[in-house]
$ cat upload_4.tsv   # TSV, C-alpha atoms and all ligand atoms
chain	number	residue	atom	x	y	z
T	1	MET	CA	-30.09	72.85	1.63
T	2	ASP	CA	-30.16	69.44	-0.09
T	3	THR	CA	-29.31	67.04	2.74
T	4	GLN	CA	-29.52	63.98	0.43
T	5	ARG	CA	-26.51	65.15	-1.56
T	6	PRO	CA	-23.20	63.76	-0.23
T	7	PRO	CA	-21.08	66.59	1.20
T	8	LEU	CA	-18.01	67.82	-0.62
T	9	ALA	CA	-14.56	67.07	0.78
T	10	LEU	CA	-12.49	70.28	1.11
T	11	THR	CA	-8.77	69.77	1.70
T	12	MET	CA	-6.77	72.14	3.91
T	13	GLY	CA	-4.08	72.92	1.31
T	14	GLU	CA	-0.96	74.75	2.47
T	15	PRO	CA	-1.49	75.44	6.20
T	16	ALA	CA	0.54	78.66	6.06
T	17	GLY	CA	-1.52	79.99	3.16
T	18	ILE	CA	-5.05	81.36	2.91
T	19	GLY	CA	-6.86	77.99	2.66
T	20	GLY	CA	-8.22	78.01	6.21
T	21	GLU	CA	-9.34	81.63	5.98
T	22	ILE	CA	-11.22	81.20	2.69
T	23	ALA	CA	-12.74	77.92	3.94
T	24	ALA	CA	-14.09	79.75	7.00
T	25	LYS	CA	-15.41	82.63	4.88
T	26	ALA	CA	-16.94	80.22	2.35
T	27	TRP	CA	-18.73	78.38	5.16
T	28	SER	CA	-20.19	81.69	6.43
T	29	VAL	CA	-21.66	82.35	2.98
T	30	LEU	CA	-22.85	78.80	2.24
T	31	ARG	CA	-23.99	77.53	5.65
T	32	GLN	CA	-27.73	78.06	4.95
T	33	GLU	CA	-28.00	77.22	1.26
T	34	GLY	CA	-25.08	74.84	0.78
T	35	PRO	CA	-23.49	73.04	-0.84
T	36	ALA	CA	-22.38	71.41	2.40
T	37	PHE	CA	-18.73	70.52	2.76
T	38	PHE	CA	-16.42	69.15	5.40
T	39	PHE	CA	-12.87	70.33	5.99
T	40	LEU	CA	-10.05	67.79	5.94
T	41	GLY	CA	-7.34	69.34	8.06
T	42	ASP	CA	-6.37	71.01	11.28
T	43	PRO	CA	-9.41	72.81	12.77
T	44	ALA	CA	-7.08	75.49	14.19
T	45	LEU	CA	-6.70	76.77	10.63
T	46	LEU	CA	-10.33	78.00	10.57
T	47	PRO	CA	-10.34	81.53	12.01
T	48	GLY	CA	-13.39	83.07	13.67
T	49	VAL	CA	-15.96	80.38	12.87
T	50	PRO	CA	-17.32	77.48	14.93
T	51	HIS	CA	-16.17	74.02	13.95
T	52	ARG	CA	-17.16	70.53	15.02
T	53	ARG	CA	-15.11	67.38	14.70
T	54	ILE	CA	-16.88	64.59	12.84
T	55	ALA	CA	-15.99	60.92	12.55
T	56	SER	CA	-17.50	60.42	9.09
T	57	PRO	CA	-18.81	62.52	6.17
T	58	ALA	CA	-22.30	61.19	6.93
T	59	GLU	CA	-22.39	63.60	9.91
T	60	ALA	CA	-21.51	66.67	7.85
T	61	ALA	CA	-24.91	67.74	6.51
T	62	ALA	CA	-26.47	67.94	9.98
T	63	VAL	CA	-23.53	69.89	11.40
T	64	PHE	CA	-23.03	72.26	8.46
T	65	PRO	CA	-25.64	74.95	9.26
T	66	GLU	CA	-24.14	75.40	12.74
T	67	ALA	CA	-20.42	74.79	12.36
T	68	VAL	CA	-17.74	73.76	9.90
T	69	PRO	CA	-17.60	69.95	10.00
T	70	VAL	CA	-13.98	68.84	10.30
T	71	LEU	CA	-12.36	65.48	9.71
T	72	PRO	CA	-9.25	66.33	11.68
T	73	LEU	CA	-5.67	65.88	10.52
T	74	ASP	CA	-3.01	67.01	12.96
T	75	LEU	CA	-0.06	69.09	11.88
T	76	PRO	CA	3.31	68.13	13.38
T	77	ALA	CA	4.84	71.63	13.09
T	78	PRO	CA	3.41	74.95	14.33
T	79	VAL	CA	1.87	77.12	11.60
T	80	THR	CA	3.20	80.61	10.92
T	81	PRO	CA	1.08	82.38	8.28
T	82	GLY	CA	3.16	83.08	5.18
T	83	ARG	CA	5.91	80.64	6.13
T	84	PRO	CA	5.30	77.08	4.95
T	85	ASP	CA	7.03	74.31	6.83
T	86	ALA	CA	7.93	71.14	4.95
T	87	ARG	CA	7.34	69.13	8.15
T	88	ASN	CA	3.60	69.66	7.53
T	89	ALA	CA	3.75	68.19	4.02
T	90	ALA	CA	2.59	64.69	5.03
T	91	PRO	CA	-0.84	65.70	6.40
T	92	VAL	CA	-1.33	68.15	3.50
T	93	ILE	CA	-0.87	65.22	1.11
T	94	ALA	CA	-2.92	62.89	3.33
T	95	ALA	CA	-5.86	65.31	3.14
T	96	ILE	CA	-5.86	65.00	-0.66
T	97	GLU	CA	-5.59	61.21	-0.51
T	98	GLN	CA	-8.43	60.92	2.01
T	99	ALA	CA	-10.67	63.29	0.06
T	100	VAL	CA	-10.23	61.21	-3.08
T	101	ALA	CA	-10.84	57.94	-1.22
T	102	LEU	CA	-14.04	59.35	0.28
T	103	ALA	CA	-15.23	60.60	-3.11
T	104	ARG	CA	-14.43	57.27	-4.74
T	105	SER	CA	-16.45	55.45	-2.09
T	106	GLY	CA	-19.42	57.80	-2.57
T	107	ALA	CA	-19.19	59.17	0.99
T	108	ALA	CA	-18.18	62.55	-0.45
T	109	GLY	CA	-19.80	64.08	-3.53
T	110	GLY	CA	-16.53	65.40	-4.90
T	111	VAL	CA	-13.15	66.82	-4.02
T	112	VAL	CA	-12.42	70.53	-3.67
T	113	THR	CA	-8.79	71.32	-3.03
T	114	ASN	CA	-7.31	74.34	-1.34
T	115	PRO	CA	-4.04	75.51	-2.92
T	116	ILE	CA	-0.80	73.77	-2.05
T	117	GLN	CA	2.65	75.33	-2.01
T	118	LYS	CA	4.09	73.18	-4.75
T	119	SER	CA	7.75	74.00	-4.13
T	120	VAL	CA	7.45	73.07	-0.44
T	121	LEU	CA	5.82	69.73	-1.15
T	122	THR	CA	8.45	69.03	-3.80
T	123	ALA	CA	11.18	69.81	-1.28
T	124	ALA	CA	9.51	67.33	1.11
T	125	GLY	CA	9.70	64.57	-1.52
T	126	PHE	CA	6.28	64.87	-3.19
T	127	ARG	CA	6.93	63.71	-6.73
T	128	HIS	CA	3.96	65.30	-8.52
T	129	PRO	CA	4.17	68.85	-9.89
T	130	GLY	CA	0.59	69.62	-8.82
T	131	HIS	CA	-2.79	68.23	-7.81
T	132	THR	CA	-3.72	67.47	-11.41
T	133	GLU	CA	-0.99	64.90	-11.88
T	134	PHE	CA	-1.43	63.45	-8.37
T	135	LEU	CA	-5.19	63.10	-8.76
T	136	ALA	CA	-4.74	61.39	-12.12
T	137	GLU	CA	-2.78	58.72	-10.26
T	138	LEU	CA	-5.29	58.45	-7.38
T	139	ALA	CA	-8.45	58.49	-9.50
T	140	PRO	CA	-7.59	57.99	-13.16
T	141	GLY	CA	-10.14	58.43	-15.93
T	142	GLU	CA	-9.93	56.84	-19.36
T	143	GLY	CA	-7.58	59.41	-20.87
T	144	PRO	CA	-5.23	62.13	-19.65
T	145	PRO	CA	-6.30	64.54	-16.91
T	146	VAL	CA	-7.21	67.96	-18.28
T	147	MET	CA	-6.80	71.24	-16.39
T	148	LEU	CA	-9.79	73.36	-17.35
T	149	LEU	CA	-10.21	76.88	-16.00
T	150	ALA	CA	-13.84	77.96	-15.99
T	151	ALA	CA	-14.63	81.64	-15.56
T	152	ALA	CA	-17.47	83.98	-16.43
T	153	GLY	CA	-17.51	83.97	-20.23
T	154	LEU	CA	-14.43	81.83	-20.78
T	155	ARG	CA	-13.28	78.22	-20.45
T	156	ALA	CA	-9.61	77.62	-21.14
T	157	VAL	CA	-7.34	74.58	-21.13
T	158	PRO	CA	-3.55	74.61	-21.19
T	159	VAL	CA	-2.24	71.70	-23.30
T	160	THR	CA	0.99	71.58	-21.30
T	161	ILE	CA	0.85	72.48	-17.62
T	162	HIS	CA	3.46	72.36	-14.87
T	163	GLN	CA	6.75	72.59	-16.74
T	164	SER	CA	9.14	75.25	-17.91
T	165	LEU	CA	8.19	77.16	-21.02
T	166	ARG	CA	11.25	75.76	-22.78
T	167	SER	CA	10.28	72.16	-21.99
T	168	ALA	CA	6.61	72.82	-22.81
T	169	ILE	CA	7.56	73.93	-26.31
T	170	ALA	CA	9.86	70.94	-26.71
T	171	ARG	CA	7.07	68.62	-25.50
T	172	LEU	CA	4.44	69.96	-27.89
T	173	ASP	CA	3.50	67.56	-30.65
T	174	ALA	CA	0.36	66.73	-32.60
T	175	ALA	CA	-0.28	63.55	-30.61
T	176	LEU	CA	-0.29	65.46	-27.29
T	177	ILE	CA	-2.54	68.21	-28.64
T	178	CYS	CA	-4.98	65.60	-29.98
T	179	ARG	CA	-5.00	63.67	-26.67
T	180	ILE	CA	-5.77	66.78	-24.65
T	181	ALA	CA	-8.31	68.09	-27.17
T	182	ARG	CA	-10.17	64.76	-27.28
T	183	ALA	CA	-10.23	64.56	-23.48
T	184	THR	CA	-11.41	68.17	-23.28
T	185	ALA	CA	-14.25	67.52	-25.73
T	186	ALA	CA	-15.24	64.36	-23.85
T	187	GLY	CA	-15.11	66.18	-20.50
T	188	LEU	CA	-17.29	69.03	-21.76
T	189	ARG	CA	-19.82	66.54	-23.08
T	190	ARG	CA	-19.83	64.43	-19.93
T	191	ASP	CA	-19.61	67.01	-17.16
T	192	PHE	CA	-20.91	70.22	-18.72
T	193	GLY	CA	-23.60	68.75	-20.97
T	194	ILE	CA	-22.24	70.44	-24.12
T	195	ALA	CA	-23.21	67.99	-26.86
T	196	ALA	CA	-20.85	69.25	-29.59
T	197	PRO	CA	-18.18	71.41	-27.97
T	198	ARG	CA	-16.45	74.02	-30.13
T	199	LEU	CA	-12.70	74.05	-29.50
T	200	ALA	CA	-10.51	77.01	-30.49
T	201	LEU	CA	-6.79	76.27	-30.48
T	202	ALA	CA	-4.27	79.04	-29.96
T	203	GLY	CA	-1.14	79.26	-32.01
T	204	LEU	CA	2.16	79.06	-30.20
T	205	ASN	CA	4.00	81.87	-31.94
T	206	PRO	CA	3.19	85.53	-32.62
T	207	HIS	CA	0.50	85.79	-35.32
T	208	ALA	CA	0.21	81.98	-35.15
T	209	GLY	CA	3.55	81.78	-36.91
T	210	GLU	CA	2.50	83.88	-39.92
T	211	ASP	CA	2.99	81.08	-42.46
T	212	GLY	CA	6.17	79.89	-40.85
T	213	THR	CA	7.92	83.25	-40.86
T	214	MET	CA	7.67	83.60	-37.06
T	215	GLY	CA	7.96	79.98	-36.02
T	216	THR	CA	6.90	76.69	-37.54
T	217	GLU	CA	5.04	74.88	-34.72
T	218	ASP	CA	1.69	76.43	-35.69
T	219	ARG	CA	1.95	75.18	-39.28
T	220	ASP	CA	3.76	71.89	-38.66
T	221	ILE	CA	2.26	70.69	-35.34
T	222	ILE	CA	-0.93	72.53	-34.38
T	223	ALA	CA	-2.58	72.74	-37.82
T	224	PRO	CA	-2.11	68.99	-38.52
T	225	ALA	CA	-3.49	68.19	-35.05
T	226	ILE	CA	-6.58	70.25	-35.84
T	227	ALA	CA	-7.00	68.44	-39.16
T	228	THR	CA	-6.85	65.08	-37.34
T	229	LEU	CA	-9.39	66.21	-34.76
T	230	ARG	CA	-11.75	67.51	-37.43
T	231	ALA	CA	-11.49	64.23	-39.32
T	232	GLU	CA	-12.65	62.53	-36.12
T	233	GLY	CA	-15.69	64.80	-35.98
T	234	ILE	CA	-14.44	67.15	-33.25
T	235	ASP	CA	-15.23	70.80	-33.92
T	236	ALA	CA	-11.67	72.08	-33.53
T	237	ARG	CA	-10.52	75.29	-35.19
T	238	GLY	CA	-7.35	77.33	-35.46
T	239	PRO	CA	-4.55	77.82	-34.86
T	240	PHE	CA	-5.59	81.36	-33.95
T	241	PRO	CA	-3.23	84.16	-32.97
T	242	ALA	CA	-3.37	84.05	-29.18
T	243	ASP	CA	-3.40	87.82	-28.74
T	244	THR	CA	-6.92	88.14	-30.17
T	245	LEU	CA	-8.34	84.78	-29.10
T	246	PHE	CA	-9.75	86.14	-25.85
T	247	THR	CA	-11.59	89.25	-27.05
T	248	PRO	CA	-15.34	89.25	-26.28
T	249	HIS	CA	-16.07	88.75	-29.98
T	250	ALA	CA	-13.73	85.76	-30.30
T	251	ARG	CA	-14.96	84.17	-27.05
T	252	ALA	CA	-18.52	84.14	-28.40
T	253	GLY	CA	-17.38	81.70	-31.09
T	254	TYR	CA	-16.14	78.78	-28.97
T	255	ASP	CA	-16.89	76.74	-25.86
T	256	VAL	CA	-13.28	76.29	-24.83
T	257	ALA	CA	-9.92	77.75	-25.83
T	258	LEU	CA	-6.84	75.54	-25.77
T	259	GLY	CA	-3.60	77.34	-24.99
T	260	MET	CA	-0.33	75.63	-25.77
T	261	TYR	CA	1.27	76.44	-22.41
T	262	HIS	CA	0.13	77.23	-18.87
T	263	ASP	CA	0.10	81.02	-18.90
T	264	GLN	CA	-1.40	81.31	-22.39
T	265	ALA	CA	-4.61	79.80	-20.99
T	266	LEU	CA	-4.51	81.03	-17.41
T	267	ILE	CA	-3.68	84.71	-17.86
T	268	PRO	CA	-6.96	85.51	-19.65
T	269	VAL	CA	-9.00	83.56	-17.09
T	270	LYS	CA	-7.46	85.27	-14.07
T	271	THR	CA	-7.53	88.68	-15.73
T	272	LEU	CA	-11.21	88.35	-16.54
T	273	ASP	CA	-12.40	86.66	-13.36
T	274	MET	CA	-9.79	86.00	-10.65
T	275	ALA	CA	-12.46	85.99	-7.91
T	276	GLY	CA	-14.86	83.71	-9.76
T	277	GLY	CA	-12.65	81.44	-11.84
T	278	VAL	CA	-12.52	77.74	-11.02
T	279	ASN	CA	-9.94	75.11	-11.84
T	280	VAL	CA	-11.63	71.82	-12.79
T	281	THR	CA	-9.81	68.59	-13.54
T	282	LEU	CA	-11.63	66.83	-16.35
T	283	ASN	CA	-11.38	63.11	-16.93
T	284	LEU	CA	-10.95	61.87	-13.38
T	285	ALA	CA	-12.97	59.14	-11.72
T	286	VAL	CA	-14.11	61.77	-9.20
T	287	VAL	CA	-15.31	65.36	-9.47
T	288	ARG	CA	-12.51	67.77	-8.55
T	289	THR	CA	-12.49	71.56	-8.50
T	290	SER	CA	-10.26	74.15	-6.90
T	291	PRO	CA	-10.00	77.92	-6.67
T	292	ASP	CA	-8.06	79.40	-9.59
T	293	HIS	CA	-5.53	81.10	-7.32
T	294	GLY	CA	-2.63	79.92	-5.20
T	295	THR	CA	-1.61	80.02	-1.56
T	296	ALA	CA	-1.28	83.84	-1.40
T	297	LEU	CA	1.40	83.69	1.28
T	298	ASP	CA	1.83	87.46	1.08
T	299	ILE	CA	-1.60	88.06	2.64
T	300	ALA	CA	-1.94	84.92	4.79
T	301	GLY	CA	-3.18	85.52	8.33
T	302	GLN	CA	-4.33	89.08	7.54
T	303	ASN	CA	-8.05	88.53	6.92
T	304	ARG	CA	-7.66	89.97	3.42
T	305	ALA	CA	-8.32	86.87	1.32
T	306	ASP	CA	-11.29	86.87	-1.07
T	307	PRO	CA	-13.24	83.57	-0.80
T	308	GLY	CA	-15.04	84.12	-4.15
T	309	SER	CA	-13.10	81.60	-6.18
T	310	LEU	CA	-13.40	78.90	-3.50
T	311	ILE	CA	-17.14	79.52	-3.22
T	312	ALA	CA	-17.42	79.21	-7.01
T	313	ALA	CA	-15.35	76.01	-6.86
T	314	LEU	CA	-17.65	74.50	-4.22
T	315	ARG	CA	-20.77	75.43	-6.17
T	316	LEU	CA	-19.39	74.09	-9.43
T	317	ALA	CA	-18.26	70.83	-7.78
T	318	ALA	CA	-21.80	70.32	-6.45
T	319	GLN	CA	-23.27	70.99	-9.91
T	320	LEU	CA	-20.87	68.59	-11.61
T	321	ALA	CA	-21.52	65.91	-8.99
T	322	ASP	CA	-25.30	66.33	-9.43
T	323	HIS	CA	-24.85	66.04	-13.18
T	324	ARG	CA	-22.84	62.82	-12.86
T	325	ARG	CA	-25.37	61.34	-10.42
T	326	ASN	CA	-28.29	62.23	-12.71
T	327	GLN	CA	-26.54	60.68	-15.69
T	328	ALA	CA	-25.84	57.51	-13.72
T	329	ALA	CA	-29.46	57.25	-12.51
Q	1	LIG	N1	-4.31	74.50	-7.11
Q	1	LIG	C1	-3.19	74.81	-6.46
Q	1	LIG	O1	-2.79	74.09	-5.56
Q	1	LIG	C2	-2.45	76.04	-6.85
Q	1	LIG	C3	-1.30	76.32	-6.17
Q	1	LIG	N2	-0.56	77.41	-6.50
Q	1	LIG	C4	0.65	77.62	-5.70
Q	1	LIG	O2	0.50	78.79	-4.94
Q	1	LIG	C5	1.79	79.32	-4.66
Q	1	LIG	C6	1.79	80.82	-4.89
Q	1	LIG	O3	1.52	81.09	-6.26
Q	1	LIG	P1	1.43	82.54	-6.88
Q	1	LIG	O4	1.85	82.42	-8.29
Q	1	LIG	O5	2.12	83.52	-5.99
Q	1	LIG	O6	-0.11	82.87	-6.96
Q	1	LIG	P2	-1.18	83.30	-5.86
Q	1	LIG	O7	-2.51	83.13	-6.52
Q	1	LIG	O8	-0.97	82.58	-4.59
Q	1	LIG	O9	-0.93	84.85	-5.57
Q	1	LIG	C7	-0.85	85.84	-6.60
Q	1	LIG	C8	-1.37	87.16	-6.06
Q	1	LIG	O10	-2.79	87.11	-5.96
Q	1	LIG	C9	-3.20	87.38	-4.62
Q	1	LIG	N3	-4.31	86.48	-4.29
Q	1	LIG	C10	-4.38	85.16	-4.58
Q	1	LIG	N4	-5.52	84.66	-4.12
Q	1	LIG	C11	-6.18	85.65	-3.51
Q	1	LIG	C12	-7.43	85.72	-2.82
Q	1	LIG	N5	-8.25	84.67	-2.69
Q	1	LIG	N6	-7.80	86.92	-2.30
Q	1	LIG	C13	-7.02	88.00	-2.44
Q	1	LIG	N7	-5.81	87.99	-3.08
Q	1	LIG	C14	-5.42	86.82	-3.61
Q	1	LIG	C15	-2.00	87.11	-3.74
Q	1	LIG	O11	-2.07	87.82	-2.53
Q	1	LIG	C16	-0.85	87.50	-4.65
Q	1	LIG	O12	-0.62	88.88	-4.55
Q	1	LIG	C17	2.76	78.52	-5.53
Q	1	LIG	O13	3.39	77.55	-4.76
Q	1	LIG	C18	1.87	77.85	-6.54
Q	1	LIG	O14	2.39	76.65	-7.01
Q	1	LIG	C19	-0.93	78.27	-7.49
Q	1	LIG	C20	-2.09	78.04	-8.19
Q	1	LIG	C21	-2.94	76.91	-7.93
Q	2	LIG	N1	-1.95	77.56	-11.89
Q	2	LIG	C1	-2.88	76.51	-11.74
Q	2	LIG	C2	-2.28	75.43	-11.00
Q	2	LIG	O1	-1.10	75.39	-10.79
Q	2	LIG	C3	-3.20	74.39	-10.52
Q	2	LIG	O2	-2.53	73.21	-10.36
Q	2	LIG	P1	-3.16	71.95	-9.68
Q	2	LIG	O3	-2.56	71.89	-8.33
Q	2	LIG	O4	-4.62	72.08	-9.69
Q	2	LIG	O5	-2.68	70.83	-10.53

$ encode --input "upload_4.tsv" --output "structure tokens"
Amino acid sequence: MDTQRPPLALTMGEPAGIGGEIAAKAWSVLRQEGPAFFFLGDPALLPGVPHRRIASPAEAAAVFPEAVPVLPLDLPAPVTPGRPDARNAAPVIAAIEQAVALARSGAAGGVVTNPIQKSVLTAAGFRHPGHTEFLAELAPGEGPPVMLLAAAGLRAVPVTIHQSLRSAIARLDAALICRIARATAAGLRRDFGIAAPRLALAGLNPHAGEDGTMGTEDRDIIAPAIATLRAEGIDARGPFPADTLFTPHARAGYDVALGMYHDQALIPVKTLDMAGGVNVTLNLAVVRTSPDHGTALDIAGQNRADPGSLIAALRLAAQLADHRRNQAA
């Protein structure tokens, strides 16, 4: 294991979800080879594995082969698996804030977040729809944050994210598509080393609108956005009918697909690779990844959770952090 590399900060996420279980399972797989991480949360959430409290991330690498290093955050309410309690919202949010602060200071190599129960945090007064928006406030980059889902054989970005389908369609305009596409291209160049990323943009409507006979957004909003991007030298193509954009043949022709709304981009990723897909936020001042799945309250506390996506998220965060460090050197 590379002990020179700063450890990753892993947040606890929703305490009543599967975050603690997959963190414990991920540690069991990674403890010898790394990447090393420390858990920001209540150590009682880690079932069946040894843990050791640490006072600073600098202690994590030495502890990691033997136990999960934990920077403890106490929970005010008892945890019942599958039943989130809004009284625990404050430390859940504090874990994210601390992870970002540690990554910004260089003490942590990057931030890996366990899933939060968004509705519960919202009910407790959290005013961000998800991590992506919160992290953009804590560690802004030069442009908008971009939610990129990276899976085996597919990268996909939703142009609009945490909003109703009705409001996503109302929100869609050429300026937004261009902003997200530019930030996606810049993120792929910076973090993934793809010098000239090929972007494929999905249409919004069936058959990409079929010349305006099945909706006009493809012709009047998405096509002009693509023309603008191409004039700027970005290899953007489309709009393509979304129903055939994710076939193996189509996927071979681009580096990233841009969907116009959340599920258009996320359904193919999770269908192809739920256990290996990773959510990456591009264009932050820190590296941030996350498993592609949510809190899985229906299986919490049952030892049934698959840690694959979290393990992939930890590995990808380490790779991205190495890449940024090498570029800075
Ligand atoms: N990054 C984040 O913080 C994310 C948070 N969420 C939140 O999670 C909550 C629940 O969302 P859902 O749509 O129900 O999605 P979900 O991913 O939590 O669950 C969907 C289905 O997949 C299963 N599943 C999920 N992860 C699994 C794993 N690692 N191993 C085995 N089975 C697994 C669940 O048991 C469930 O049947 C919501 O509050 C949502 O906002 C969802 C996605 C990402
Ligand atoms: N479905 C993906 C998702 O909701 C991830 O959101 P975020 O918490 O990473 O912003």

$ residues_near_ligand --input "upload_4.tsv" --ligand "ligand LIG 2 (chain Q)" --cutoff "10 Å" --atoms "all atoms listed in the file" --output "PyMOL selection string"
chain T and resi 13+112-118+128-136+145-149+158+161-162+262-263+265-267+270+278-281+288-294

$ residues_around --input "upload_4.tsv" --residues "Asp235 in chain T" --least-positions-apart "2" --cutoff "8 Å" --atoms "all atoms listed in the file" --output "ChimeraX atom specification"
/T:196-199,229-230,233,237

$ closest_residue --input "upload_4.tsv" --among "T:Gly109, T:Pro72, T:Val63, T:Leu121" --to "Ala89 in chain T" --atoms "all atoms listed in the file"
T:Leu121

$ closest_residue --input "upload_4.tsv" --among "T:Ile221, T:Ile194, T:Val269, T:Leu297" --to "ligand LIG 1 (chain Q)" --atoms "all atoms listed in the file"
T:Leu297

$ closest_residue --input "upload_4.tsv" --among "T:Glu217, T:Ser119, T:Gly193, T:Thr271" --to "ligand LIG 1 (chain Q)" --atoms "all atoms listed in the file"
T:Ser119

$ closest_residue --input "upload_4.tsv" --among "T:Leu284, T:Leu272, T:Ala124, T:Ile222" --to "Pro140 in chain T" --atoms "only C-alpha atoms"
T:Leu284
